[in-house]
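Report on one structure; see the data block that follows.
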Amino acid sequence: MSSLDRVLTRIDADFDQSLERLFDLLRIKSISTDPAYAPDCRAAAEWLAREMTASGIAASVRDTIGHPMVVGHRTDEDKRGPHVLFYGHYDVQPVDPLELWQADPFEPCVVTREDGSKIIVARGAADDKGQLMTFLEAARAWIAETGELPISVSVLLEGEEESSSISLPPFLEENKEELTCDLALVCDTGMWDRETPAITTMLRGLVGEEVIITAADKDLHSGMYGGAARNPIHMLADIVAGLHDENGRVTLDGFYDGVIEMPEDVKRRWDGLGFDAKSFLGGVDLAIPAGEKDRTALEQIWTRPTCEVNGISGGYSGAGFKTVIPSKAQAKISFRLVGDQNPQKIRDAFRAYVRSKVPADCSVEFADHGANPALRLPFESEALAKGSKALAAEWGREAVFIGCGGSIPIVGDFKRKLGMDSLLIGFGLDDDQVHSPNEKYEMTSYRRGIRSWARVLDELSRV
């Protein structure tokens, strides 16, 4: 029997103890955004450090300007394969509204559904305590069965992911040498469905802009000035309307520079997923696809850049009616970026476009709401190939390479601050109700997630 087979056998034999340890962690009320729970956040960090050390990964609690980090190492310079840094977070969202929970959110329970499948219900079950424990339990099994890990492993667990990760950037800077590894492993992602594993290979970037147009020096009576005076809402509406053409493409100069087309084999895999755009939109009471007319819904969500108006205001919006021409109008606009799009070039192109539409007797101001480039793991990456092979061996299905419409800030920090690519493997599902009452994690996600990480560690060691 191979070392991996022995480890997998131990995982199954010890699964009840793995579940008990997860329940112990879930009982800790580590709500990071509420100062009242600061002692609980520290308790969670200390619990993790103790358990990691007991399992064979020397770990310690590190103080920060906010909630503590947990850092652990099990390294061997003679090990083959990459030295990996595993990342997860132990903090959770508030539980409000409490009355919608079917049980105490911090007293985890197992619920058996009508089809016989089981779920773990508790705050943090999926986001992210259950996810991070899949890796730690896999590492525990490797060390318990073989006395070692197949590759060198470091661990970073933070306590502020749900409250903006204020402490993380300075912590990475201060501990750059200790935390820089060959590859980061991130678990805060999901599967395609209950039976199909996935690796998130693309994260869209973001440019946030706020534009304020000022015309007259005060709100004007529309009867006295209507027609003769500029209306900034009219100007802003024209600007917004001109951001897309009739085919749904963004019109800014150079906007698509750096956008990368997906390989045909990846597109074919996506075509075989059975994704139904009508059902997807129907879930939010819509029916007619928008966006680029020559792109599928999955392409638009995962691999195409966007321009969206997130908010627009101006004039009188209170109760009743007031006939004014407003002095100011403003809009918040965001751009989701993909591939090698340059955030600063997108910002510059947007501002140049707006200025070209504003008359000389009016003014425009801009506010910067952040800019980050997109991130992707190259499809030819060795880590991606090994992770995919390991998942296929466990789940009996080829792993789907998916994109993420949003961003995972830590992945950008790892790339920009530590120079590391990230392999994003998680076992959550879309219906896990993260951040909502009755958050759950599939029992199969927990059990097979542990087994999957055991396989990934083994596969990464094969040089």
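By convention in this document, the chains of the structure tokens carry letters A, B, ... by their order, each chain's residues are numbered from 1, and ligands are numbered from 1 in the order they are shown.
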
I'd like a table as a Markdown table: residues in stretch 137-234 of chain A with an atom no more than 10 Å from stretch 390-401 of chain A, each row giving the shortest atom pair and its distance in Å to one decimal, only C-alpha atoms counted, sorted by chain and rising residue number.
| residue | atom | partner | partner_atom | distance |
| --- | --- | --- | --- | --- |
| A:Met191 | CA | A:Val400 | CA | 8.3 |
| A:Trp192 | CA | A:Val400 | CA | 7.1 |
| A:Glu195 | CA | A:Trp395 | CA | 7.0 |
| A:Thr196 | CA | A:Arg397 | CA | 6.2 |
| A:Pro197 | CA | A:Ala399 | CA | 4.9 |
| A:Ala198 | CA | A:Val400 | CA | 4.5 |
| A:Ile199 | CA | A:Phe401 | CA | 5.1 |
| A:Thr200 | CA | A:Phe401 | CA | 5.9 |
| A:Thr201 | CA | A:Phe401 | CA | 6.1 |
| A:Met202 | CA | A:Phe401 | CA | 8.6 |

Leaving out stretch 39-53 of chain A and any residue of its chain fewer than 6 positions from it, which residues lie within 12 Å of it when counting only C-alpha atoms, given as a ChimeraX atom specification?
/A:18,21-22,24-33,59-64,66-74,88-93,106,124,129,132-133,135-141,143,153-162

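Coordinates place atom CA of A:Leu337 at a distance of 25.4 Å from atom CA of A:Ile213.
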
Counting only C-alpha atoms, which of A:Thr112, A:Ser363, A:Thr189, A:Ser388 gets nearest to A:Glu459?
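Selected residue with least distance to A:Glu459: A:Ser388.
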
So the first atom is atom CA of A:Glu174 and the second is atom CA of A:Ile410; what is the distance between them in Å, to one decimal place?
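If I compute the distance from atom CA of A:Glu174 to atom CA of A:Ile410, I get 15.6 Å.
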
May I ask for the distance between atom CA of A:Cys187 and atom CA of A:Asp127, given in Å to one decimal place?
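We find that atom CA of A:Cys187 and atom CA of A:Asp127 lie 9.6 Å from each other.
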
With only C-alpha atoms as the counted atoms, please give the residues lying no more than 10 Å from A:Arg249, apart from itself and same-chain residues fewer than 6 positions off, as a list of chain:residue names.
A:Leu243, A:Phe255, A:Tyr256, A:Gly291, A:Glu292, A:Lys293, A:Asp294, A:Pro305, A:Thr306, A:Cys307

Per-residue DSSP, stretch 74-321 of chain A, filtered to alpha helix (DSSP H), as JSON, numbers by chain:
{"A": [129, 130, 131, 132, 133, 134, 135, 136, 137, 138, 139, 140, 141, 142, 143, 144, 145, 146, 168, 169, 170, 171, 172, 173, 174, 176, 177, 178, 179, 222, 223, 224, 225, 232, 233, 234, 235, 236, 237, 238, 239, 240, 241, 264, 265, 266, 267, 268, 269, 270, 271, 277, 278, 279, 280, 281, 282, 297, 298, 299, 300, 301, 302]}

Write down as a compact mmCIF listing (two decimals) with C-alpha atoms, in the first residue's frame the residues of stretch 18-223 of chain A whose backbone DSSP state falls under strand (DSSP E or B).
# COMPACT_ATOMS: atom_id res chain seq x y z
CA ILE A 31 -16.84 37.68 14.67
CA ALA A 58 4.87 24.24 14.74
CA ALA A 59 2.56 27.25 15.01
CA SER A 60 2.29 30.48 16.95
CA VAL A 61 -0.13 33.37 17.42
CA ARG A 62 1.22 36.65 16.05
CA MET A 69 -2.52 35.94 12.76
CA VAL A 70 -1.60 32.29 13.11
CA VAL A 71 1.62 31.21 11.39
CA GLY A 72 2.91 27.65 11.23
CA HIS A 73 5.72 25.78 9.51
CA ARG A 74 6.64 22.19 8.73
CA VAL A 84 3.71 25.96 -0.26
CA LEU A 85 1.96 28.56 1.87
CA PHE A 86 -1.59 27.60 2.80
CA TYR A 87 -3.96 30.49 3.56
CA GLY A 88 -7.35 30.55 5.29
CA HIS A 89 -9.25 32.78 7.70
CA VAL A 92 -16.72 34.86 10.59
CA CYS A 109 -25.20 20.38 14.17
CA VAL A 110 -25.51 17.78 11.45
CA VAL A 111 -28.75 17.82 9.47
CA THR A 112 -29.84 14.87 7.35
CA LYS A 118 -25.86 15.38 5.41
CA ILE A 119 -24.87 18.98 5.99
CA ILE A 120 -23.01 20.77 8.79
CA VAL A 121 -24.93 23.88 9.91
CA VAL A 153 4.33 23.54 4.18
CA SER A 154 3.79 26.90 5.83
CA VAL A 155 0.40 28.11 7.04
CA LEU A 156 -1.05 31.62 7.38
CA LEU A 157 -4.46 32.03 8.99
CA GLU A 158 -5.89 35.52 9.46
CA LEU A 183 3.20 28.64 -4.30
CA ALA A 184 0.19 29.73 -2.26
CA LEU A 185 -2.75 27.39 -1.65
CA VAL A 186 -6.07 29.17 -1.05
CA GLY A 190 -15.93 26.42 -4.33
CA ASP A 193 -21.57 21.43 -8.20
CA THR A 196 -17.70 18.24 -9.76
CA ALA A 198 -13.18 23.07 -9.58
CA ILE A 199 -10.04 25.17 -9.57
CA THR A 200 -10.48 28.92 -9.76
CA THR A 201 -7.90 30.12 -12.28
CA MET A 202 -9.05 33.68 -12.93
CA LEU A 203 -9.99 36.60 -10.69
CA GLY A 205 -9.54 43.08 -11.23
CA LEU A 206 -11.37 46.28 -10.34
CA VAL A 207 -11.22 50.01 -11.01
CA GLY A 208 -13.59 52.17 -8.98
CA GLU A 209 -14.43 55.73 -10.08
CA GLU A 210 -16.76 58.45 -8.86
CA VAL A 211 -17.55 61.38 -11.13
CA ILE A 212 -19.18 64.64 -10.03
CA ILE A 213 -20.36 67.15 -12.64
CA THR A 214 -21.15 70.72 -11.61
CA LEU A 220 -32.14 76.54 -10.38
CA HIS A 221 -35.88 77.05 -10.85

I need the residue nearest A:Ala329 from this list: A:Ala367, A:Val95, A:Ala237, A:Leu418. Use only C-alpha atoms for the distance.
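Answer, going by the shortest atom-to-atom distance: A:Ala237.
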
Who sits within 12 Å of A:Ser2, only C-alpha atoms, same chain under 5 positions skipped, as a PDB file with C-alpha atoms, in the first residue's frame:
ATOM      1  CA  VAL A   7      -3.080   8.388   4.551  1.00  0.00           C
ATOM      2  CA  LEU A   8      -6.471   8.184   2.846  1.00  0.00           C
ATOM      3  CA  THR A   9      -7.357   5.140   4.940  1.00  0.00           C
ATOM      4  CA  GLU A 145       0.547   8.100   9.287  1.00  0.00           C
ATOM      5  CA  THR A 146       4.001   8.719   7.784  1.00  0.00           C
ATOM      6  CA  ARG A 455      -3.918  13.937  -2.790  1.00  0.00           C
ATOM      7  CA  ASP A 458       1.141  14.047  -2.714  1.00  0.00           C
TER       8      ASP A 458
END

Need to verify the contact set: A:Arg355, 12 Å, only C-alpha atoms, exclusion of same-chain residues closer than 3 positions in sequence. Can you return it as a list of chain:residue names?
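Near neighbours after the sequence-gap exclusion: A:Val211, A:Ile212, A:Ile213, A:Met235, A:Leu236, A:Ile239, A:Asp348, A:Ala349, A:Phe350, A:Arg351, A:Ala352, A:Val358, A:Pro359, A:Ala360, A:Cys362, A:Ser363, A:Val364, A:Glu365, A:Phe366.
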
Can you tell me which residues surround A:Ser222 at a distance of at most 12 Å, considering only C-alpha atoms, apart from same-chain residues fewer than 6 positions away, and format the answer as a VMD selection string?
chain A and resid 228 to 231 315 322 to 327

Can you list, as an MDAnalysis selection string, every protein, DNA or RNA residue that comes within 9 Å of A:Glu261 when you count only C-alpha atoms, leaving out same-chain residues fewer than 6 positions away?
chainID A and resid 303:304 339
